[in-house]
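Asks: Below is the file data10.cif, which contains mmCIF, C-alpha atoms; chains and numbers go by the auth columns.
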data_data
#
loop_
_atom_site.group_PDB
_atom_site.id
_atom_site.type_symbol
_atom_site.label_atom_id
_atom_site.label_comp_id
_atom_site.label_asym_id
_atom_site.label_seq_id
_atom_site.Cartn_x
_atom_site.Cartn_y
_atom_site.Cartn_z
_atom_site.B_iso_or_equiv
_atom_site.auth_seq_id
_atom_site.auth_asym_id
ATOM 1 C CA MET A 1 -11.357 0.346 -9.424 0.00 1 A
ATOM 2 C CA ASP A 2 -9.203 1.667 -6.599 0.00 2 A
ATOM 3 C CA GLU A 3 -11.015 1.732 -3.228 0.00 3 A
ATOM 4 C CA ARG A 4 -9.439 5.080 -2.284 0.00 4 A
ATOM 5 C CA ALA A 5 -10.591 6.695 -5.542 0.00 5 A
ATOM 6 C CA GLU A 6 -14.133 5.469 -4.917 0.00 6 A
ATOM 7 C CA SER A 7 -14.103 6.734 -1.342 0.00 7 A
ATOM 8 C CA GLY A 8 -12.837 10.204 -2.248 0.00 8 A
ATOM 9 C CA TYR A 9 -9.561 9.558 -0.387 0.00 9 A
ATOM 10 C CA ALA A 10 -7.564 11.858 -2.690 0.00 10 A
ATOM 11 C CA ASP A 11 -10.202 14.587 -2.530 0.00 11 A
ATOM 12 C CA ARG A 12 -9.997 14.942 1.254 0.00 12 A
ATOM 13 C CA ALA A 13 -8.929 18.275 2.704 0.00 13 A
ATOM 14 C CA PRO A 14 -5.433 18.267 4.206 0.00 14 A
ATOM 15 C CA ASP A 15 -4.377 19.525 7.591 0.00 15 A
ATOM 16 C CA VAL A 16 -1.977 22.448 7.286 0.00 16 A
ATOM 17 C CA ILE A 17 1.278 22.475 9.227 0.00 17 A
ATOM 18 C CA ALA A 18 2.841 25.603 10.753 0.00 18 A
ATOM 19 C CA ALA A 19 4.915 26.241 7.620 0.00 19 A
ATOM 20 C CA GLY A 20 1.674 26.442 5.616 0.00 20 A
ATOM 21 C CA GLN A 21 2.225 23.167 3.778 0.00 21 A
ATOM 22 C CA PRO A 22 -0.513 20.525 3.402 0.00 22 A
ATOM 23 C CA TYR A 23 -0.322 17.380 5.552 0.00 23 A
ATOM 24 C CA TRP A 24 -2.259 14.447 4.095 0.00 24 A
ATOM 25 C CA GLN A 25 -2.126 11.759 6.822 0.00 25 A
ATOM 26 C CA ASN A 26 -5.572 11.043 8.271 0.00 26 A
ATOM 27 C CA ALA A 27 -6.716 9.206 11.438 0.00 27 A
ATOM 28 C CA SER A 28 -6.929 5.843 9.646 0.00 28 A
ATOM 29 C CA ASP A 29 -3.372 6.260 8.326 0.00 29 A
ATOM 30 C CA LYS A 30 -2.153 7.025 11.866 0.00 30 A
ATOM 31 C CA GLU A 31 -3.927 3.960 13.303 0.00 31 A
ATOM 32 C CA ASN A 32 -2.389 1.713 10.621 0.00 32 A
ATOM 33 C CA GLU A 33 1.062 3.102 11.363 0.00 33 A
ATOM 34 C CA ASP A 34 0.576 2.636 15.132 0.00 34 A
ATOM 35 C CA ARG A 35 -0.437 -1.020 14.586 0.00 35 A
ATOM 36 C CA ALA A 36 2.621 -1.560 12.389 0.00 36 A
ATOM 37 C CA ALA A 37 4.887 -0.005 15.051 0.00 37 A
ATOM 38 C CA ILE A 38 3.520 -2.453 17.653 0.00 38 A
ATOM 39 C CA GLU A 39 4.188 -5.394 15.306 0.00 39 A
ATOM 40 C CA ILE A 40 7.746 -4.178 14.635 0.00 40 A
ATOM 41 C CA GLY A 41 8.412 -3.794 18.357 0.00 41 A
ATOM 42 C CA GLU A 42 7.135 -7.290 19.099 0.00 42 A
ATOM 43 C CA ALA A 43 9.055 -8.912 16.220 0.00 43 A
ATOM 44 C CA TRP A 44 12.350 -7.112 16.933 0.00 44 A
ATOM 45 C CA ASN A 45 12.015 -6.979 20.750 0.00 45 A
ATOM 46 C CA LEU A 46 12.175 -3.177 20.777 0.00 46 A
ATOM 47 C CA ILE A 47 10.307 -0.277 22.243 0.00 47 A
ATOM 48 C CA VAL A 48 9.233 1.622 19.122 0.00 48 A
ATOM 49 C CA ARG A 49 8.665 5.278 19.905 0.00 49 A
ATOM 50 C CA LYS A 50 7.059 7.991 17.813 0.00 50 A
ATOM 51 C CA MET A 51 9.041 11.026 16.696 0.00 51 A
ATOM 52 C CA PRO A 52 7.440 14.476 17.165 0.00 52 A
ATOM 53 C CA ALA A 53 4.669 15.462 14.737 0.00 53 A
ATOM 54 C CA TYR A 54 5.900 16.471 11.282 0.00 54 A
ATOM 55 C CA HIS A 55 9.380 15.059 11.864 0.00 55 A
ATOM 56 C CA PRO A 56 10.675 13.543 8.595 0.00 56 A
ATOM 57 C CA ILE A 57 11.265 10.157 10.270 0.00 57 A
ATOM 58 C CA ASP A 58 8.304 8.338 11.848 0.00 58 A
ATOM 59 C CA ARG A 59 9.809 6.322 14.685 0.00 59 A
ATOM 60 C CA TYR A 60 12.902 5.130 16.479 0.00 60 A
ATOM 61 C CA GLY A 61 13.624 1.867 18.256 0.00 61 A
ATOM 62 C CA GLU A 62 15.078 1.441 21.745 0.00 62 A
ATOM 63 C CA ARG A 63 16.316 -1.560 23.643 0.00 63 A
ATOM 64 C CA GLY A 64 16.479 -1.632 27.427 0.00 64 A
ATOM 65 C CA PRO A 65 14.512 -0.181 30.326 0.00 65 A
ATOM 66 C CA VAL A 66 11.424 1.828 29.374 0.00 66 A
ATOM 67 C CA ASP A 67 12.725 5.023 30.955 0.00 67 A
ATOM 68 C CA ARG A 68 16.342 4.824 29.754 0.00 68 A
ATOM 69 C CA GLY A 69 16.625 2.569 26.739 0.00 69 A
ATOM 70 C CA THR A 70 19.394 2.701 24.150 0.00 70 A
ATOM 71 C CA LEU A 71 18.551 4.081 20.725 0.00 71 A
ATOM 72 C CA ASN A 72 19.389 1.428 18.156 0.00 72 A
ATOM 73 C CA SER A 73 17.326 2.117 15.019 0.00 73 A
ATOM 74 C CA TRP A 74 15.505 4.742 12.967 0.00 74 A
ATOM 75 C CA ILE A 75 12.260 3.416 11.487 0.00 75 A
ATOM 76 C CA GLU A 76 10.071 4.774 8.716 0.00 76 A
ATOM 77 C CA ILE A 77 6.723 3.017 8.239 0.00 77 A
ATOM 78 C CA LYS A 78 4.622 2.941 5.082 0.00 78 A
ATOM 79 C CA CYS A 79 1.293 1.130 5.257 0.00 79 A
ATOM 80 C CA ARG A 80 0.198 0.253 1.738 0.00 80 A
ATOM 81 C CA ARG A 81 -3.454 -0.126 0.862 0.00 81 A
ATOM 82 C CA LYS A 82 -4.928 -3.575 1.350 0.00 82 A
ATOM 83 C CA THR A 83 -4.621 -4.572 -2.310 0.00 83 A
ATOM 84 C CA HIS A 84 -0.873 -3.924 -2.696 0.00 84 A
ATOM 85 C CA SER A 85 1.071 -7.182 -2.651 0.00 85 A
ATOM 86 C CA LEU A 86 4.795 -7.762 -2.993 0.00 86 A
ATOM 87 C CA GLU A 87 4.171 -8.659 -6.630 0.00 87 A
ATOM 88 C CA SER A 88 2.012 -5.617 -7.467 0.00 88 A
ATOM 89 C CA TYR A 89 3.471 -3.110 -9.914 0.00 89 A
ATOM 90 C CA ASN A 90 6.032 -5.598 -11.299 0.00 90 A
ATOM 91 C CA GLY A 91 7.424 -6.342 -7.837 0.00 91 A
ATOM 92 C CA GLU A 92 8.361 -2.723 -7.179 0.00 92 A
ATOM 93 C CA VAL A 93 7.297 -0.296 -4.497 0.00 93 A
ATOM 94 C CA TYR A 94 7.609 3.474 -4.521 0.00 94 A
ATOM 95 C CA PHE A 95 10.006 4.877 -1.932 0.00 95 A
ATOM 96 C CA GLY A 96 10.184 8.683 -1.839 0.00 96 A
ATOM 97 C CA VAL A 97 13.651 10.096 -2.533 0.00 97 A
ATOM 98 C CA GLN A 98 13.248 12.734 0.194 0.00 98 A
ATOM 99 C CA LYS A 99 12.348 10.051 2.744 0.00 99 A
ATOM 100 C CA TYR A 100 15.292 7.926 1.606 0.00 100 A
ATOM 101 C CA LEU A 101 17.676 10.880 2.008 0.00 101 A
ATOM 102 C CA TYR A 102 16.373 11.749 5.503 0.00 102 A
ATOM 103 C CA LEU A 103 16.855 8.155 6.625 0.00 103 A
ATOM 104 C CA PHE A 104 20.209 7.639 4.900 0.00 104 A
ATOM 105 C CA ASN A 105 21.714 10.895 6.167 0.00 105 A
ATOM 106 C CA THR A 106 20.424 10.302 9.706 0.00 106 A
ATOM 107 C CA ALA A 107 21.914 6.795 9.732 0.00 107 A
ATOM 108 C CA VAL A 108 25.276 8.048 8.459 0.00 108 A
ATOM 109 C CA GLY A 109 25.312 11.044 10.818 0.00 109 A
ATOM 110 C CA THR A 110 24.418 9.077 13.950 0.00 110 A
ATOM 111 C CA GLY A 111 25.959 5.694 13.155 0.00 111 A
ATOM 112 C CA ILE A 112 22.575 4.099 13.941 0.00 112 A
ATOM 113 C CA PRO A 113 20.908 2.003 11.195 0.00 113 A
ATOM 114 C CA ALA A 114 17.724 3.203 9.502 0.00 114 A
ATOM 115 C CA TYR A 115 14.994 0.899 8.232 0.00 115 A
ATOM 116 C CA TRP A 116 12.140 1.478 5.831 0.00 116 A
ATOM 117 C CA VAL A 117 9.225 -0.831 6.702 0.00 117 A
ATOM 118 C CA ALA A 118 6.217 -1.288 4.410 0.00 118 A
ATOM 119 C CA ARG A 119 2.983 -3.223 4.879 0.00 119 A
ATOM 120 C CA PHE A 120 1.852 -5.408 2.002 0.00 120 A
ATOM 121 C CA THR A 121 -0.952 -7.963 1.824 0.00 121 A
ATOM 122 C CA GLU A 122 1.672 -10.546 2.872 0.00 122 A
ATOM 123 C CA GLY A 123 2.595 -8.572 5.998 0.00 123 A
ATOM 124 C CA LEU A 124 5.343 -6.156 7.037 0.00 124 A
ATOM 125 C CA TYR A 125 8.635 -6.140 5.123 0.00 125 A
ATOM 126 C CA TRP A 126 11.774 -4.072 5.743 0.00 126 A
ATOM 127 C CA ILE A 127 14.997 -2.932 4.143 0.00 127 A
ATOM 128 C CA ASN A 128 18.033 -1.321 5.718 0.00 128 A
ATOM 129 C CA VAL A 129 18.315 2.017 3.910 0.00 129 A
ATOM 130 C CA ALA A 130 22.069 1.409 3.505 0.00 130 A
ATOM 131 C CA SER A 131 21.135 -1.622 1.346 0.00 131 A
ATOM 132 C CA VAL A 132 19.087 0.349 -1.184 0.00 132 A
ATOM 133 C CA PRO A 133 20.987 -0.089 -4.456 0.00 133 A
ATOM 134 C CA VAL A 134 22.692 2.950 -5.952 0.00 134 A
ATOM 135 C CA PRO A 135 22.684 4.580 -8.394 0.00 135 A
ATOM 136 C CA LEU A 136 19.022 5.111 -7.693 0.00 136 A
ATOM 137 C CA GLU A 137 16.468 4.719 -10.446 0.00 137 A
ATOM 138 C CA ALA A 138 14.544 7.863 -9.555 0.00 138 A
ATOM 139 C CA ASN A 139 11.786 9.427 -11.615 0.00 139 A
ATOM 140 C CA ARG A 140 8.996 11.922 -11.023 0.00 140 A
ATOM 141 C CA ALA A 141 5.833 10.125 -9.938 0.00 141 A
ATOM 142 C CA GLY A 142 2.591 11.062 -8.229 0.00 142 A
ATOM 143 C CA THR A 143 2.036 10.066 -4.630 0.00 143 A
ATOM 144 C CA TYR A 144 -1.425 8.892 -5.603 0.00 144 A
ATOM 145 C CA VAL A 145 -1.948 7.062 -8.882 0.00 145 A
ATOM 146 C CA ARG A 146 -5.524 7.978 -9.749 0.00 146 A
ATOM 147 C CA ALA A 147 -6.089 11.511 -8.498 0.00 147 A
ATOM 148 C CA VAL A 148 -3.059 13.433 -7.308 0.00 148 A
ATOM 149 C CA PRO A 149 -4.455 16.459 -5.420 0.00 149 A
ATOM 150 C CA GLY A 150 -2.006 18.829 -7.087 0.00 150 A
ATOM 151 C CA PHE A 151 1.363 19.208 -8.743 0.00 151 A
ATOM 152 C CA SER A 152 2.925 20.009 -5.362 0.00 152 A
ATOM 153 C CA ASP A 153 1.810 16.556 -4.154 0.00 153 A
ATOM 154 C CA GLN A 154 4.133 14.854 -6.645 0.00 154 A
ATOM 155 C CA GLU A 155 7.623 13.825 -5.704 0.00 155 A
ATOM 156 C CA ALA A 156 10.677 11.985 -6.973 0.00 156 A
ATOM 157 C CA MET A 157 10.456 8.258 -6.263 0.00 157 A
ATOM 158 C CA ILE A 158 12.787 5.303 -6.036 0.00 158 A
ATOM 159 C CA PHE A 159 11.330 2.207 -7.656 0.00 159 A
ATOM 160 C CA LEU A 160 12.508 -0.335 -5.078 0.00 160 A
ATOM 161 C CA LYS A 161 12.404 -4.056 -5.900 0.00 161 A
ATOM 162 C CA THR A 162 10.348 -5.782 -3.202 0.00 162 A
ATOM 163 C CA SER A 163 12.588 -8.849 -3.604 0.00 163 A
ATOM 164 C CA LEU A 164 15.260 -6.842 -1.720 0.00 164 A
ATOM 165 C CA MET A 165 13.004 -6.528 1.336 0.00 165 A
ATOM 166 C CA HIS A 166 12.830 -8.942 4.283 0.00 166 A
ATOM 167 C CA PRO A 167 9.835 -10.211 6.278 0.00 167 A
ATOM 168 C CA ILE A 168 9.451 -8.542 9.673 0.00 168 A
ATOM 169 C CA ALA A 169 10.202 -11.844 11.456 0.00 169 A
ATOM 170 C CA GLN A 170 13.746 -11.698 10.040 0.00 170 A
ATOM 171 C CA ILE A 171 15.435 -9.439 12.593 0.00 171 A
ATOM 172 C CA PRO A 172 18.033 -7.013 11.185 0.00 172 A
ATOM 173 C CA THR A 173 21.584 -7.619 12.433 0.00 173 A
ATOM 174 C CA GLY A 174 21.936 -4.029 13.708 0.00 174 A
ATOM 175 C CA VAL A 175 18.847 -4.350 15.900 0.00 175 A
ATOM 176 C CA MET A 176 20.069 -7.387 17.857 0.00 176 A
#
Please lay out the structure from this file as structure tokens.
Replies:
Amino acid sequence: MDERAESGYADRAPDVIAAGQPYWQNASDKENEDRAAIEIGEAWNLIVRKMPAYHPIDRYGERGPVDRGTLNSWIEIKCRRKTHSLESYNGEVYFGVQKYLYLFNTAVGTGIPAYWVARFTEGLYWINVASVPVPLEANRAGTYVRAVPGFSDQEAMIFLKTSLMHPIAQIPTGVM
């Protein structure tokens, strides 16, 4: 049985953002993302900074002095639950189409590469959003397998092959 289902994770009450929409990230999710950001910064020799609350992209990476670094990457972090390995779900991971489009369009518009980083039981793995194969195999899927809080919490997903992702120790060319 899924540990989040047993703990009532999907039944939790959301925060509500200014636009009146639910926001489902809790304190534990934020801590996991902060830890991942530190690991990414150490592995890629970057200062990984947080974007403002409710921004569609989580982080950005800078290289250089703390007070005037050079922006060199957009970074979206997804921390999977502890039981999700690279081989779970037939070696695929869900990547939200909206998130993909935010990252892809930002990378194209700024000329700065965007990376989607996910934590699995094996560690952090990344893919350059420009390397996501197209056409996309996108279908409607719930954001939570066992107990989706509501129809509005469902979204279109890309079923991304984890074999296309790289371990965090392998530094992307654009980040050098």
Asks: State, in Å with one decimal place, the distance from atom CA of Leu164 of chain A to atom CA of Val132 of chain A.
Replies: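 So the two atoms, atom CA of Leu164 of chain A and atom CA of Val132 of chain A, lie 8.2 Å apart.
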Asks: Could you tell me which residues the PyMOL selection byres ((chain A and resi 117) around 8) grabs in this file, written as a ChimeraX atom specification?
Replies: /A:75-78,115-116,118-119,124-127
Asks: Pull out every residue that the PyMOL selection byres ((chain A and resi 167-169) around 9) matches in the shown coordinates and put them as a compact mmCIF listing (two decimals) with C-alpha atoms, keeping the file's coordinate frame.
Replies:
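Written out: result_8.txt:
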# COMPACT_ATOMS: atom_id res chain seq x y z
CA GLU A 39 4.19 -5.39 15.31
CA ILE A 40 7.75 -4.18 14.64
CA ALA A 43 9.06 -8.91 16.22
CA TRP A 44 12.35 -7.11 16.93
CA VAL A 117 9.22 -0.83 6.70
CA GLU A 122 1.67 -10.55 2.87
CA GLY A 123 2.60 -8.57 6.00
CA LEU A 124 5.34 -6.16 7.04
CA TYR A 125 8.64 -6.14 5.12
CA TRP A 126 11.77 -4.07 5.74
CA MET A 165 13.00 -6.53 1.34
CA HIS A 166 12.83 -8.94 4.28
CA GLN A 170 13.75 -11.70 10.04
CA ILE A 171 15.44 -9.44 12.59
CA PRO A 172 18.03 -7.01 11.18
Asks: Give me the result of the PyMOL selection byres ((chain A and resi 32) around 12) on this file, residue by residue, as a list in words.
Replies: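 With the shown file as input, the PyMOL selection byres ((chain A and resi 32) around 12) matches Gln25, Asn26, Ala27, Ser28, Asp29, Lys30, Glu31, Glu33, Asp34, Arg35, Ala36, Ala37, Ile38, Glu39, Ile77, Lys78, Cys79, Arg80, Arg81, Lys82, Ala118, Arg119, Phe120 and Leu124 of chain A.
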Asks: To one decimal place, how far is atom CA of Leu101 of chain A from atom CA of Glu62 of chain A in Å?
Replies: 22.0 Å
Asks: What separation in Å, quoted to one decimal, exists between atom CA of Gly69 of chain A and atom CA of Met51 of chain A?
Replies: 15.2 Å
Asks: Which neighbours of Arg49 of chain A fall inside 8 Å, counting only C-alpha atoms, when residues of the same chain fewer than 3 positions from it are skipped, and could you give them as a list of chain:residue names?
Replies: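 In the requested format, the answer is A:Arg59, A:Tyr60, A:Gly61, A:Glu62.
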Asks: Would you please work out which residue, of A:Thr173, A:Ser163, A:Ser131, A:Gln98, is nearest to Ser73 of chain A when using all atoms listed in the file?
Replies: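 Answer, going by the shortest atom-to-atom distance: A:Thr173.
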